[in-house]
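Here's work_0.pdb, which has PDB, C-alpha atoms and all ligand atoms:
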```
ATOM      1  CA  MET A 842     -49.840  -5.574 -75.525
ATOM      2  CA  LYS A 843     -46.292  -5.418 -74.105
ATOM      3  CA  MET A 844     -44.565  -8.788 -74.437
ATOM      4  CA  PRO A 845     -41.803  -9.851 -72.028
ATOM      5  CA  SER A 846     -38.335  -9.932 -73.524
ATOM      6  CA  LYS A 847     -37.264 -13.149 -75.251
ATOM      7  CA  LYS A 848     -34.637 -13.977 -72.623
ATOM      8  CA  ILE A 849     -37.147 -13.781 -69.777
ATOM      9  CA  VAL A 850     -39.507 -16.014 -71.726
ATOM     10  CA  GLU A 851     -36.688 -18.558 -72.082
ATOM     11  CA  VAL A 852     -36.012 -18.490 -68.359
ATOM     12  CA  ARG A 853     -39.720 -18.868 -67.573
ATOM     13  CA  VAL A 854     -39.915 -21.906 -69.838
ATOM     14  CA  GLY A 855     -37.043 -23.412 -67.856
ATOM     15  CA  VAL A 856     -38.923 -22.845 -64.636
ATOM     16  CA  LEU A 857     -42.268 -24.085 -65.858
ATOM     17  CA  THR A 858     -40.827 -27.307 -67.172
ATOM     18  CA  GLY A 859     -39.004 -27.967 -63.908
ATOM     19  CA  ILE A 860     -35.623 -27.731 -65.547
ATOM     20  CA  ALA A 861     -34.471 -24.473 -64.073
ATOM     21  CA  SER A 862     -31.015 -25.997 -63.648
ATOM     22  CA  ASN A 863     -30.851 -26.186 -67.442
ATOM     23  CA  LEU A 864     -31.149 -22.453 -67.902
ATOM     24  CA  PRO A 865     -30.197 -21.178 -71.335
ATOM     25  CA  LEU A 866     -26.429 -21.019 -71.675
ATOM     26  CA  ASN A 867     -26.417 -17.351 -72.534
ATOM     27  CA  VAL A 868     -28.491 -16.289 -69.525
ATOM     28  CA  ARG A 869     -27.092 -13.384 -67.533
ATOM     29  CA  SER A 870     -28.064 -12.515 -63.986
ATOM     30  CA  LYS A 871     -29.882  -9.367 -65.053
ATOM     31  CA  ASP A 872     -32.136 -11.486 -67.285
ATOM     32  CA  LEU A 873     -33.293 -13.755 -64.472
ATOM     33  CA  PRO A 874     -36.946 -13.341 -63.466
ATOM     34  CA  LEU A 875     -36.203 -12.558 -59.815
ATOM     35  CA  ASN A 876     -33.221 -10.300 -60.449
ATOM     36  CA  ASN A 877     -33.115  -7.472 -57.850
ATOM     37  CA  GLN A 878     -35.718  -9.223 -55.722
ATOM     38  CA  VAL A 879     -35.336 -10.488 -52.160
ATOM     39  CA  ALA A 880     -36.904 -13.805 -51.102
ATOM     40  CA  LEU A 881     -37.007 -15.101 -47.519
ATOM     41  CA  VAL A 882     -37.588 -18.768 -46.763
ATOM     42  CA  THR A 883     -38.242 -20.097 -43.250
ATOM     43  CA  GLY A 884     -36.934 -23.581 -42.485
ATOM     44  CA  ALA A 885     -34.362 -23.225 -45.262
ATOM     45  CA  GLY A 886     -31.788 -25.563 -43.698
ATOM     46  CA  ARG A 887     -33.210 -28.814 -45.024
ATOM     47  CA  GLY A 888     -36.006 -30.530 -46.908
ATOM     48  CA  ILE A 889     -38.572 -28.477 -48.778
ATOM     49  CA  GLY A 890     -37.310 -25.116 -47.494
ATOM     50  CA  ARG A 891     -33.798 -25.831 -48.734
ATOM     51  CA  ALA A 892     -35.116 -26.763 -52.191
ATOM     52  CA  ILE A 893     -37.230 -23.594 -52.337
ATOM     53  CA  ALA A 894     -34.261 -21.452 -51.278
ATOM     54  CA  LEU A 895     -32.034 -22.967 -53.979
ATOM     55  CA  GLN A 896     -34.761 -22.406 -56.562
ATOM     56  CA  MET A 897     -35.280 -18.762 -55.558
ATOM     57  CA  ALA A 898     -31.521 -18.107 -55.736
ATOM     58  CA  GLN A 899     -31.338 -19.818 -59.086
ATOM     59  CA  LEU A 900     -34.041 -17.516 -60.396
ATOM     60  CA  GLY A 901     -31.903 -14.557 -59.366
ATOM     61  CA  ALA A 902     -33.295 -13.525 -55.973
ATOM     62  CA  HIS A 903     -31.151 -12.586 -53.024
ATOM     63  CA  THR A 904     -32.355 -15.346 -50.727
ATOM     64  CA  VAL A 905     -32.574 -14.958 -46.965
ATOM     65  CA  LEU A 906     -32.287 -18.308 -45.203
ATOM     66  CA  CYS A 907     -34.090 -18.552 -41.856
ATOM     67  CA  GLY A 908     -34.274 -21.328 -39.289
ATOM     68  CA  ARG A 909     -33.043 -22.295 -35.849
ATOM     69  CA  ALA A 910     -30.007 -24.406 -36.818
ATOM     70  CA  LYS A 911     -27.339 -22.045 -38.157
ATOM     71  CA  LYS A 912     -25.083 -24.813 -39.475
ATOM     72  CA  ALA A 913     -27.838 -26.236 -41.679
ATOM     73  CA  LEU A 914     -28.591 -22.757 -43.038
ATOM     74  CA  GLU A 915     -24.913 -22.236 -43.807
ATOM     75  CA  LYS A 916     -24.915 -25.514 -45.765
ATOM     76  CA  THR A 917     -27.789 -24.216 -47.885
ATOM     77  CA  ALA A 918     -25.879 -20.951 -48.377
ATOM     78  CA  ALA A 919     -22.839 -22.969 -49.503
ATOM     79  CA  ALA A 920     -24.983 -24.943 -51.962
ATOM     80  CA  ILE A 921     -26.270 -21.665 -53.431
ATOM     81  CA  GLN A 922     -22.694 -20.411 -53.674
ATOM     82  CA  ASN A 923     -21.516 -23.632 -55.365
ATOM     83  CA  ALA A 924     -24.332 -23.545 -57.908
ATOM     84  CA  ALA A 925     -23.333 -20.003 -58.717
ATOM     85  CA  SER A 926     -19.657 -20.717 -59.147
ATOM     86  CA  GLU A 927     -20.132 -23.141 -62.018
ATOM     87  CA  PRO A 928     -17.838 -22.140 -64.867
ATOM     88  CA  GLU A 929     -19.015 -19.436 -67.224
ATOM     89  CA  PRO A 930     -21.232 -18.983 -69.153
ATOM     90  CA  THR A 931     -23.812 -20.572 -66.801
ATOM     91  CA  LYS A 932     -22.637 -18.428 -63.903
ATOM     92  CA  LEU A 933     -25.564 -17.332 -61.768
ATOM     93  CA  PRO A 934     -25.558 -14.785 -58.967
ATOM     94  CA  ALA A 935     -24.699 -16.118 -55.507
ATOM     95  CA  LYS A 936     -26.672 -14.043 -53.129
ATOM     96  CA  SER A 937     -27.899 -15.311 -49.826
ATOM     97  CA  SER A 938     -27.943 -14.308 -46.172
ATOM     98  CA  VAL A 939     -28.370 -16.473 -43.119
ATOM     99  CA  ILE A 940     -30.551 -15.315 -40.224
ATOM    100  CA  GLU A 941     -31.098 -17.500 -37.186
ATOM    101  CA  CYS A 942     -34.771 -17.233 -36.369
ATOM    102  CA  ASP A 943     -37.279 -19.207 -34.333
ATOM    103  CA  VAL A 944     -40.725 -18.585 -35.826
ATOM    104  CA  THR A 945     -42.427 -19.382 -32.516
ATOM    105  CA  ASP A 946     -40.704 -16.388 -30.894
ATOM    106  CA  LEU A 947     -42.128 -12.993 -31.916
ATOM    107  CA  GLY A 948     -38.975 -11.162 -30.771
ATOM    108  CA  SER A 949     -36.820 -13.418 -32.943
ATOM    109  CA  VAL A 950     -39.042 -12.891 -36.010
ATOM    110  CA  GLU A 951     -39.225  -9.124 -35.485
ATOM    111  CA  SER A 952     -35.454  -8.968 -35.134
ATOM    112  CA  ALA A 953     -35.088 -10.885 -38.438
ATOM    113  CA  ALA A 954     -37.458  -8.407 -40.115
ATOM    114  CA  ARG A 955     -35.425  -5.457 -38.820
ATOM    115  CA  GLN A 956     -32.257  -7.110 -40.131
ATOM    116  CA  VAL A 957     -33.779  -7.600 -43.597
ATOM    117  CA  GLU A 958     -34.979  -3.995 -43.657
ATOM    118  CA  ARG A 959     -31.600  -2.660 -42.530
ATOM    119  CA  THR A 960     -29.430  -4.755 -44.837
ATOM    120  CA  LEU A 961     -31.582  -5.334 -47.913
ATOM    121  CA  GLN A 962     -34.256  -2.619 -47.596
ATOM    122  CA  ARG A 963     -36.946  -4.760 -49.210
ATOM    123  CA  LEU A 964     -38.734  -8.103 -49.244
ATOM    124  CA  ASP A 965     -40.489  -9.318 -52.372
ATOM    125  CA  ILE A 966     -41.191 -12.952 -51.495
ATOM    126  CA  LEU A 967     -41.895 -14.526 -48.109
ATOM    127  CA  VAL A 968     -42.150 -18.325 -48.038
ATOM    128  CA  ASN A 969     -43.569 -19.584 -44.745
ATOM    129  CA  ASN A 970     -42.264 -23.134 -44.912
ATOM    130  CA  ALA A 971     -41.073 -23.936 -41.352
ATOM    131  CA  GLY A 972     -43.294 -26.582 -39.844
ATOM    132  CA  ILE A 973     -43.356 -29.625 -37.618
ATOM    133  CA  GLY A 974     -45.488 -32.759 -37.383
ATOM    134  CA  SER A 975     -47.492 -33.732 -34.326
ATOM    135  CA  ASP A 976     -46.910 -36.917 -32.332
ATOM    136  CA  THR A 977     -48.602 -39.844 -34.045
ATOM    137  CA  GLY A 978     -51.583 -41.329 -32.241
ATOM    138  CA  PRO A 979     -55.168 -40.688 -31.186
ATOM    139  CA  LEU A 980     -56.001 -37.133 -30.148
ATOM    140  CA  LEU A 981     -57.183 -38.377 -26.759
ATOM    141  CA  GLU A 982     -53.635 -39.498 -26.015
ATOM    142  CA  LEU A 983     -51.915 -36.371 -27.318
ATOM    143  CA  ASP A 984     -49.791 -34.420 -24.845
ATOM    144  CA  PRO A 985     -51.190 -30.852 -24.723
ATOM    145  CA  ALA A 986     -47.591 -29.598 -24.864
ATOM    146  CA  ASN A 987     -47.263 -31.211 -28.286
ATOM    147  CA  TRP A 988     -50.504 -29.522 -29.423
ATOM    148  CA  ASP A 989     -49.023 -26.162 -28.384
ATOM    149  CA  GLU A 990     -45.704 -26.846 -30.099
ATOM    150  CA  VAL A 991     -47.434 -27.753 -33.368
ATOM    151  CA  PHE A 992     -49.772 -24.756 -33.362
ATOM    152  CA  ASN A 993     -47.037 -22.358 -32.221
ATOM    153  CA  THR A 994     -44.873 -23.402 -35.175
ATOM    154  CA  ASN A 995     -47.316 -24.165 -37.992
ATOM    155  CA  LEU A 996     -49.889 -21.434 -37.364
ATOM    156  CA  ARG A 997     -48.712 -18.818 -34.859
ATOM    157  CA  GLY A 998     -45.270 -18.842 -36.539
ATOM    158  CA  VAL A 999     -46.818 -17.941 -39.893
ATOM    159  CA  TYR A1000     -48.886 -15.200 -38.262
ATOM    160  CA  TYR A1001     -45.714 -13.789 -36.644
ATOM    161  CA  CYS A1002     -43.881 -13.840 -39.973
ATOM    162  CA  ILE A1003     -46.700 -12.150 -41.881
ATOM    163  CA  ARG A1004     -47.090  -9.602 -39.073
ATOM    164  CA  SER A1005     -43.379  -8.778 -39.105
ATOM    165  CA  PHE A1006     -42.504  -8.952 -42.805
ATOM    166  CA  ALA A1007     -45.663  -7.897 -44.673
ATOM    167  CA  PRO A1008     -45.281  -4.187 -43.729
ATOM    168  CA  LEU A1009     -42.197  -4.086 -46.003
ATOM    169  CA  MET A1010     -44.412  -5.305 -48.850
ATOM    170  CA  VAL A1011     -47.300  -2.996 -48.011
ATOM    171  CA  ARG A1012     -44.864  -0.097 -48.185
ATOM    172  CA  ALA A1013     -43.658  -1.259 -51.618
ATOM    173  CA  ARG A1014     -47.231  -2.057 -52.773
ATOM    174  CA  SER A1015     -45.982  -5.401 -54.049
ATOM    175  CA  GLY A1016     -45.131  -8.892 -52.857
ATOM    176  CA  HIS A1017     -45.790 -12.603 -52.677
ATOM    177  CA  ILE A1018     -46.451 -14.512 -49.473
ATOM    178  CA  ILE A1019     -46.518 -18.281 -49.933
ATOM    179  CA  ASN A1020     -47.548 -20.571 -47.113
ATOM    180  CA  ILE A1021     -46.550 -24.229 -47.249
ATOM    181  CA  SER A1022     -49.529 -26.129 -45.918
ATOM    182  CA  SER A1023     -50.425 -29.749 -46.669
ATOM    183  CA  LEU A1024     -53.128 -31.965 -48.107
ATOM    184  CA  ALA A1025     -53.626 -32.744 -44.405
ATOM    185  CA  GLY A1026     -55.137 -29.248 -44.335
ATOM    186  CA  LYS A1027     -57.765 -30.389 -46.825
ATOM    187  CA  ASN A1028     -58.519 -33.894 -45.559
ATOM    188  CA  ALA A1029     -59.054 -35.821 -42.332
ATOM    189  CA  LEU A1030     -55.833 -37.191 -40.814
ATOM    190  CA  PRO A1031     -56.644 -39.780 -38.137
ATOM    191  CA  ASN A1032     -53.766 -40.060 -35.636
ATOM    192  CA  GLY A1033     -52.484 -36.690 -36.789
ATOM    193  CA  ALA A1034     -55.365 -34.441 -35.756
ATOM    194  CA  ALA A1035     -53.246 -31.634 -34.288
ATOM    195  CA  TYR A1036     -51.103 -31.422 -37.424
ATOM    196  CA  ALA A1037     -54.183 -31.511 -39.671
ATOM    197  CA  ALA A1038     -55.932 -28.854 -37.566
ATOM    198  CA  SER A1039     -52.870 -26.583 -37.720
ATOM    199  CA  LYS A1040     -52.794 -26.877 -41.517
ATOM    200  CA  TRP A1041     -56.598 -26.377 -41.871
ATOM    201  CA  GLY A1042     -56.029 -23.270 -39.755
ATOM    202  CA  LEU A1043     -53.161 -22.199 -41.989
ATOM    203  CA  ASN A1044     -55.384 -22.494 -45.057
ATOM    204  CA  GLY A1045     -58.045 -20.326 -43.392
ATOM    205  CA  LEU A1046     -55.402 -17.792 -42.390
ATOM    206  CA  THR A1047     -54.095 -17.722 -45.958
ATOM    207  CA  TYR A1048     -57.479 -17.226 -47.663
ATOM    208  CA  SER A1049     -58.414 -14.449 -45.224
ATOM    209  CA  VAL A1050     -55.184 -12.479 -45.212
ATOM    210  CA  ALA A1051     -55.056 -12.862 -49.006
ATOM    211  CA  GLU A1052     -58.244 -10.800 -49.207
ATOM    212  CA  GLU A1053     -56.885  -8.231 -46.739
ATOM    213  CA  LEU A1054     -53.610  -7.759 -48.618
ATOM    214  CA  ARG A1055     -55.002  -7.934 -52.142
ATOM    215  CA  ALA A1056     -55.735  -4.206 -52.074
ATOM    216  CA  HIS A1057     -52.024  -3.644 -51.374
ATOM    217  CA  ASN A1058     -51.062  -5.608 -54.498
ATOM    218  CA  ILE A1059     -49.725  -8.489 -52.385
ATOM    219  CA  ARG A1060     -50.583 -12.031 -53.432
ATOM    220  CA  VAL A1061     -50.916 -14.532 -50.585
ATOM    221  CA  SER A1062     -50.973 -18.142 -51.779
ATOM    222  CA  VAL A1063     -50.964 -21.567 -50.238
ATOM    223  CA  ILE A1064     -49.381 -24.791 -51.491
ATOM    224  CA  CYS A1065     -50.797 -28.056 -50.142
ATOM    225  CA  PRO A1066     -48.503 -30.974 -50.974
ATOM    226  CA  GLY A1067     -49.168 -34.626 -50.244
ATOM    227  CA  SER A1068     -46.331 -36.654 -48.648
ATOM    228  CA  VAL A1069     -42.933 -35.350 -49.730
ATOM    229  CA  ASN A1070     -39.717 -37.368 -49.621
ATOM    230  CA  THR A1071     -37.920 -35.507 -46.787
ATOM    231  CA  GLU A1072     -36.857 -36.240 -43.195
ATOM    232  CA  PHE A1073     -40.183 -34.837 -41.961
ATOM    233  CA  SER A1074     -41.709 -38.260 -41.296
ATOM    234  CA  PRO A1075     -40.875 -41.927 -41.940
ATOM    235  CA  HIS A1076     -42.289 -43.106 -45.242
ATOM    236  CA  THR A1077     -42.510 -46.779 -44.342
ATOM    237  CA  GLY A1078     -43.763 -48.919 -47.217
ATOM    238  CA  LYS A1079     -43.701 -46.074 -49.735
ATOM    239  CA  ASN A1080     -41.730 -46.032 -52.961
ATOM    240  CA  ALA A1081     -39.553 -42.923 -52.464
ATOM    241  CA  GLU A1082     -39.098 -42.457 -56.201
ATOM    242  CA  LYS A1083     -42.840 -42.177 -56.791
ATOM    243  CA  MET A1084     -43.244 -39.723 -53.926
ATOM    244  CA  LEU A1085     -43.308 -35.969 -54.391
ATOM    245  CA  GLN A1086     -39.803 -34.530 -54.063
ATOM    246  CA  ALA A1087     -38.840 -31.278 -52.330
ATOM    247  CA  SER A1088     -37.961 -29.854 -55.746
ATOM    248  CA  ASP A1089     -41.600 -30.348 -56.852
ATOM    249  CA  VAL A1090     -42.760 -27.961 -54.133
ATOM    250  CA  ALA A1091     -39.987 -25.529 -55.100
ATOM    251  CA  HIS A1092     -41.230 -25.712 -58.665
ATOM    252  CA  ALA A1093     -44.753 -24.756 -57.546
ATOM    253  CA  VAL A1094     -43.297 -21.767 -55.646
ATOM    254  CA  ALA A1095     -41.377 -20.761 -58.774
ATOM    255  CA  MET A1096     -44.577 -20.864 -60.835
ATOM    256  CA  ILE A1097     -46.350 -18.601 -58.352
ATOM    257  CA  VAL A1098     -43.596 -15.986 -58.187
ATOM    258  CA  THR A1099     -43.082 -15.832 -61.959
ATOM    259  CA  GLN A1100     -46.730 -15.171 -62.826
ATOM    260  CA  ALA A1101     -47.728 -12.107 -64.776
ATOM    261  CA  PRO A1102     -48.650  -9.183 -62.494
ATOM    262  CA  GLN A1103     -52.388  -9.476 -63.152
ATOM    263  CA  SER A1104     -52.543 -13.215 -62.358
ATOM    264  CA  PHE A1105     -52.978 -14.666 -58.871
ATOM    265  CA  ALA A1106     -52.708 -18.458 -58.406
ATOM    266  CA  SER A1107     -54.044 -18.525 -54.875
ATOM    267  CA  GLU A1108     -53.823 -22.231 -54.098
ATOM    268  CA  ILE A1109     -51.940 -25.244 -55.441
ATOM    269  CA  LEU A1110     -52.764 -28.805 -54.413
ATOM    270  CA  LEU A1111     -49.824 -31.085 -55.198
ATOM    271  CA  ARG A1112     -50.221 -34.857 -55.521
ATOM    272  CA  PRO A1113     -47.857 -37.566 -56.778
ATOM    273  CA  THR A1114     -48.707 -38.766 -60.267
ATOM    274  CA  GLN A1115     -48.877 -42.371 -59.072
ATOM    275  CA  LYS A1116     -49.656 -43.493 -55.542
ATOM    276  CA  PRO A1117     -46.287 -44.248 -53.919
TER     277      PRO A1117
HETATM  278  N1  LIG B   1     -42.557 -33.733 -45.931
HETATM  279  C1  LIG B   1     -43.853 -33.866 -46.123
HETATM  280  O1  LIG B   1     -44.379 -34.982 -46.307
HETATM  281  C2  LIG B   1     -44.741 -32.646 -46.150
HETATM  282  C3  LIG B   1     -45.991 -32.745 -46.797
HETATM  283  C4  LIG B   1     -46.816 -31.622 -46.831
HETATM  284  C5  LIG B   1     -46.405 -30.449 -46.220
HETATM  285  N2  LIG B   1     -45.209 -30.389 -45.586
HETATM  286  C6  LIG B   1     -44.844 -29.111 -44.944
HETATM  287  O2  LIG B   1     -43.688 -28.614 -45.569
HETATM  288  C7  LIG B   1     -42.919 -27.848 -44.643
HETATM  289  C8  LIG B   1     -41.474 -28.311 -44.661
HETATM  290  O3  LIG B   1     -41.436 -29.709 -44.379
HETATM  291  P1  LIG B   1     -40.158 -30.622 -44.624
HETATM  292  O4  LIG B   1     -40.654 -31.904 -45.141
HETATM  293  O5  LIG B   1     -39.113 -29.892 -45.367
HETATM  294  O6  LIG B   1     -39.728 -30.845 -43.090
HETATM  295  P2  LIG B   1     -38.286 -30.935 -42.394
HETATM  296  O7  LIG B   1     -37.315 -31.586 -43.287
HETATM  297  O8  LIG B   1     -38.535 -31.496 -41.046
HETATM  298  O9  LIG B   1     -37.872 -29.387 -42.252
HETATM  299  C9  LIG B   1     -38.589 -28.520 -41.421
HETATM  300  C10 LIG B   1     -37.876 -27.183 -41.387
HETATM  301  O10 LIG B   1     -38.604 -26.309 -40.504
HETATM  302  C11 LIG B   1     -37.679 -25.670 -39.648
HETATM  303  N3  LIG B   1     -38.301 -25.315 -38.378
HETATM  304  C12 LIG B   1     -38.998 -26.129 -37.528
HETATM  305  N4  LIG B   1     -39.392 -25.443 -36.440
HETATM  306  C13 LIG B   1     -38.924 -24.169 -36.606
HETATM  307  C14 LIG B   1     -38.993 -22.995 -35.825
HETATM  308  N5  LIG B   1     -39.611 -22.965 -34.637
HETATM  309  N6  LIG B   1     -38.433 -21.869 -36.313
HETATM  310  C15 LIG B   1     -37.795 -21.867 -37.512
HETATM  311  N7  LIG B   1     -37.705 -22.955 -38.289
HETATM  312  C16 LIG B   1     -38.251 -24.084 -37.840
HETATM  313  C17 LIG B   1     -36.547 -26.676 -39.474
HETATM  314  O11 LIG B   1     -35.333 -26.026 -39.192
HETATM  315  P3  LIG B   1     -34.654 -25.934 -37.733
HETATM  316  O12 LIG B   1     -35.014 -27.196 -37.006
HETATM  317  O13 LIG B   1     -33.225 -25.761 -37.999
HETATM  318  O14 LIG B   1     -35.224 -24.706 -37.127
HETATM  319  C18 LIG B   1     -36.469 -27.303 -40.857
HETATM  320  O15 LIG B   1     -35.610 -26.559 -41.669
HETATM  321  C19 LIG B   1     -43.625 -28.003 -43.286
HETATM  322  O16 LIG B   1     -44.437 -26.886 -43.057
HETATM  323  C20 LIG B   1     -44.479 -29.244 -43.478
HETATM  324  O17 LIG B   1     -45.617 -29.219 -42.657
HETATM  325  C21 LIG B   1     -44.345 -31.460 -45.540
END
```
As structure tokens:
Amino acid sequence: MKMPSKKIVEVRVGVLTGIASNLPLNVRSKDLPLNNQVALVTGAGRGIGRAIALQMAQLGAHTVLCGRAKKALEKTAAAIQNAASEPEPTKLPAKSSVIECDVTDLGSVESAARQVERTLQRLDILVNNAGIGSDTGPLLELDPANWDEVFNTNLRGVYYCIRSFAPLMVRARSGHIINISSLAGKNALPNGAAYAASKWGLNGLTYSVAEELRAHNIRVSVICPGSVNTEFSPHTGKNAEKMLQASDVAHAVAMIVTQAPQSFASEILLRPTQKP
């Protein structure tokens, strides 16, 4: 049996224990697990997407940051750059690109895919993170426009991204697609039915396309977190410290993309250790 090199094992331990920022002092960029890989994260300007993007860059990937607000994406790019310019010997590669992209617009997503193909020639990891909540309240009072907005972002947007980016992976016969769903896609969510339905739909999309792409050596996974401490929704009455943090979701993504080639963690449900 061929064992991975010692340095890669060290890096993986860092990732698996959630202390990727404490990478071994002697680590060099070529030893990082995602060296030479390209990862694209939608909604990378804040919250969970930002944390995932930082984590992917820290593991050595060239990270493509997508979203509608360019300034927020540039801030994430600057954070990646700053992490990389720490004094030697912890210097990590600073590789990221910013692409403005609205996942609800097929033309915008296709243009982003063409840009990735032209400039980077490959895509190893696609993280479909961009998402919005629905208006809070009973379904009978929901504005149909809000229903459309939620489904166009949380479900159609993921379909557009898979449709546009997966061909690069099919061509390479390799890749990870990770969809950020929610425990609301596993449970009932009274007063959030449209959001829950979009995430139940996303889970169904994930399981089905996972089977379709398996033959192409592409692993399609879904992560379903409970409430995460971001700007996504008010967390009135919750203890923020006990809540899941964006970095916890990033850690789950890191686990998925650093698996051995024969292993496929298809779904991760993420809960806080203690109820916040
Ligand atoms: N926070 C939670 O409690 C929680 C729990 C479970 C699952 N989730 C899921 O985790 C994901 C990220 O949530 P978060 O907490 O990080 O939310 P957030 O802080 O509100 O960030 C959402 C991100 O999605 C992007 N986005 C929204 N619409 C977009 C569009 N049409 N095109 C491109 N990007 C778009 C936003 O960027 P722009 O506005 O700049 O485009 C933003 O970067 C979502 O899918 C959410 O459903 C969140």
- Item | At most 6 Å from ligand LIG 1 (chain B) (only C-alpha atoms and all ligand atoms): residue list as a PyMOL selection string | chain A and resi 883-890+908-910+942-945+970-973+994+1021-1023+1066-1073
Translate the PyMOL selection byres (((chain A and resi 1085) around 9) and not hetatm) into a concrete residue list for this structure, as a CSV table (one decimal) with C-alpha atoms, in the coordinates of the input.
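Okay, part04.csv is ready:
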```csv
chain,number,residue,atom,x,y,z
A,1066,PRO,CA,-48.5,-31.0,-51.0
A,1067,GLY,CA,-49.2,-34.6,-50.2
A,1068,SER,CA,-46.3,-36.7,-48.6
A,1069,VAL,CA,-42.9,-35.4,-49.7
A,1070,ASN,CA,-39.7,-37.4,-49.6
A,1081,ALA,CA,-39.6,-42.9,-52.5
A,1082,GLU,CA,-39.1,-42.5,-56.2
A,1083,LYS,CA,-42.8,-42.2,-56.8
A,1084,MET,CA,-43.2,-39.7,-53.9
A,1086,GLN,CA,-39.8,-34.5,-54.1
A,1087,ALA,CA,-38.8,-31.3,-52.3
A,1088,SER,CA,-38.0,-29.9,-55.7
A,1089,ASP,CA,-41.6,-30.3,-56.9
A,1090,VAL,CA,-42.8,-28.0,-54.1
A,1111,LEU,CA,-49.8,-31.1,-55.2
A,1112,ARG,CA,-50.2,-34.9,-55.5
A,1113,PRO,CA,-47.9,-37.6,-56.8
A,1114,THR,CA,-48.7,-38.8,-60.3
A,1117,PRO,CA,-46.3,-44.2,-53.9
```
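Computed from the coordinates, the atom CA of A:Ser1062 to atom CA of A:Asn876 distance equals 21.3 Å.
For the pair atom CA of A:Pro874 and atom CA of A:Ser938, the interatomic distance is 19.5 Å.
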- Note on the structure: One decimal place gives the atom CA of A:Cys1002-atom CA of A:Leu1046 separation as 12.4 Å
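Ranking A:Leu1009, A:Ala920, A:Ile1019, A:Ala1035 by their shortest atom-to-atom distance to A:Ala1051, with all atoms listed in the file included, puts A:Ile1019 first.
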Which residues of stretch 966-1058 of chain A come within 12 Å of stretch 901-904 of chain A, and what is each one's closest atom pair and distance in Å (one decimal), counting only C-alpha atoms, sorted by chain and residue number, as a tab-separated table?
```
residue	atom	partner	partner_atom	distance
A:Ile966	CA	A:Ala902	CA	9.1
A:Leu967	CA	A:Thr904	CA	9.9
A:Val968	CA	A:Thr904	CA	10.6
```
- Query: On this structure, which residues satisfy the PyMOL selection byres (((chain A and resi 1043) around 12) and not hetatm), written as a ChimeraX atom specification?
  - Reply: /A:969-970,972,991-1000,1003,1019-1027,1036-1042,1044-1051,1061-1065
- Message: For A:Arg1014, find every residue with an atom within 10 Å (counting only C-alpha atoms), except residues of its own chain fewer than 6 positions away, and show them as a PyMOL selection string.
- Response: chain A and resi 965+1008+1054-1059
- Mind listing as a PyMOL selection string all residues within 12 Å of (-31.0, -6.5, -57.9), counting all atoms listed in the file? chain A and resi 870-880+898+900-904+934-936+961-965
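Comparing the minimum interatomic distances between A:Ser952 and each of A:Ala913, A:Ala1106, A:Ala1034, A:Cys907, counting all atoms listed in the file, we find that A:Cys907 sits nearest.
Of the listed residues (A:Thr960, A:Thr977, A:Ser1074, A:Ser937), A:Ser937 comes nearest to A:Leu914; the distances count all atoms listed in the file.
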Generate the missing atoms of stretch 1059-1069 of chain A up to N, CA and C atoms and report them as a compact mmCIF listing (two decimals), in the frame of the given file.
```txt
# COMPACT_ATOMS: atom_id res chain seq x y z
N ILE A 1059 -50.52 -7.37 -52.92
CA ILE A 1059 -49.72 -8.49 -52.38
C ILE A 1059 -50.53 -9.76 -52.59
N ARG A 1060 -49.89 -10.76 -53.17
CA ARG A 1060 -50.58 -12.03 -53.43
C ARG A 1060 -50.19 -13.05 -52.36
N VAL A 1061 -51.17 -13.55 -51.65
CA VAL A 1061 -50.92 -14.53 -50.58
C VAL A 1061 -51.47 -15.88 -51.05
N SER A 1062 -50.58 -16.85 -51.22
CA SER A 1062 -50.97 -18.14 -51.78
C SER A 1062 -50.65 -19.27 -50.81
N VAL A 1063 -51.27 -20.39 -51.05
CA VAL A 1063 -50.96 -21.57 -50.24
C VAL A 1063 -50.69 -22.76 -51.16
N ILE A 1064 -49.68 -23.55 -50.76
CA ILE A 1064 -49.38 -24.79 -51.49
C ILE A 1064 -49.65 -25.94 -50.53
N CYS A 1065 -50.44 -26.90 -50.98
CA CYS A 1065 -50.80 -28.06 -50.14
C CYS A 1065 -50.25 -29.32 -50.79
N PRO A 1066 -49.04 -29.74 -50.40
CA PRO A 1066 -48.50 -30.97 -50.97
C PRO A 1066 -48.98 -32.20 -50.20
N GLY A 1067 -49.04 -33.33 -50.91
CA GLY A 1067 -49.17 -34.63 -50.24
C GLY A 1067 -47.81 -34.98 -49.66
N SER A 1068 -47.61 -36.25 -49.27
CA SER A 1068 -46.33 -36.65 -48.65
C SER A 1068 -45.15 -36.34 -49.56
N VAL A 1069 -44.13 -35.72 -48.97
CA VAL A 1069 -42.93 -35.35 -49.73
C VAL A 1069 -41.75 -36.13 -49.16
```
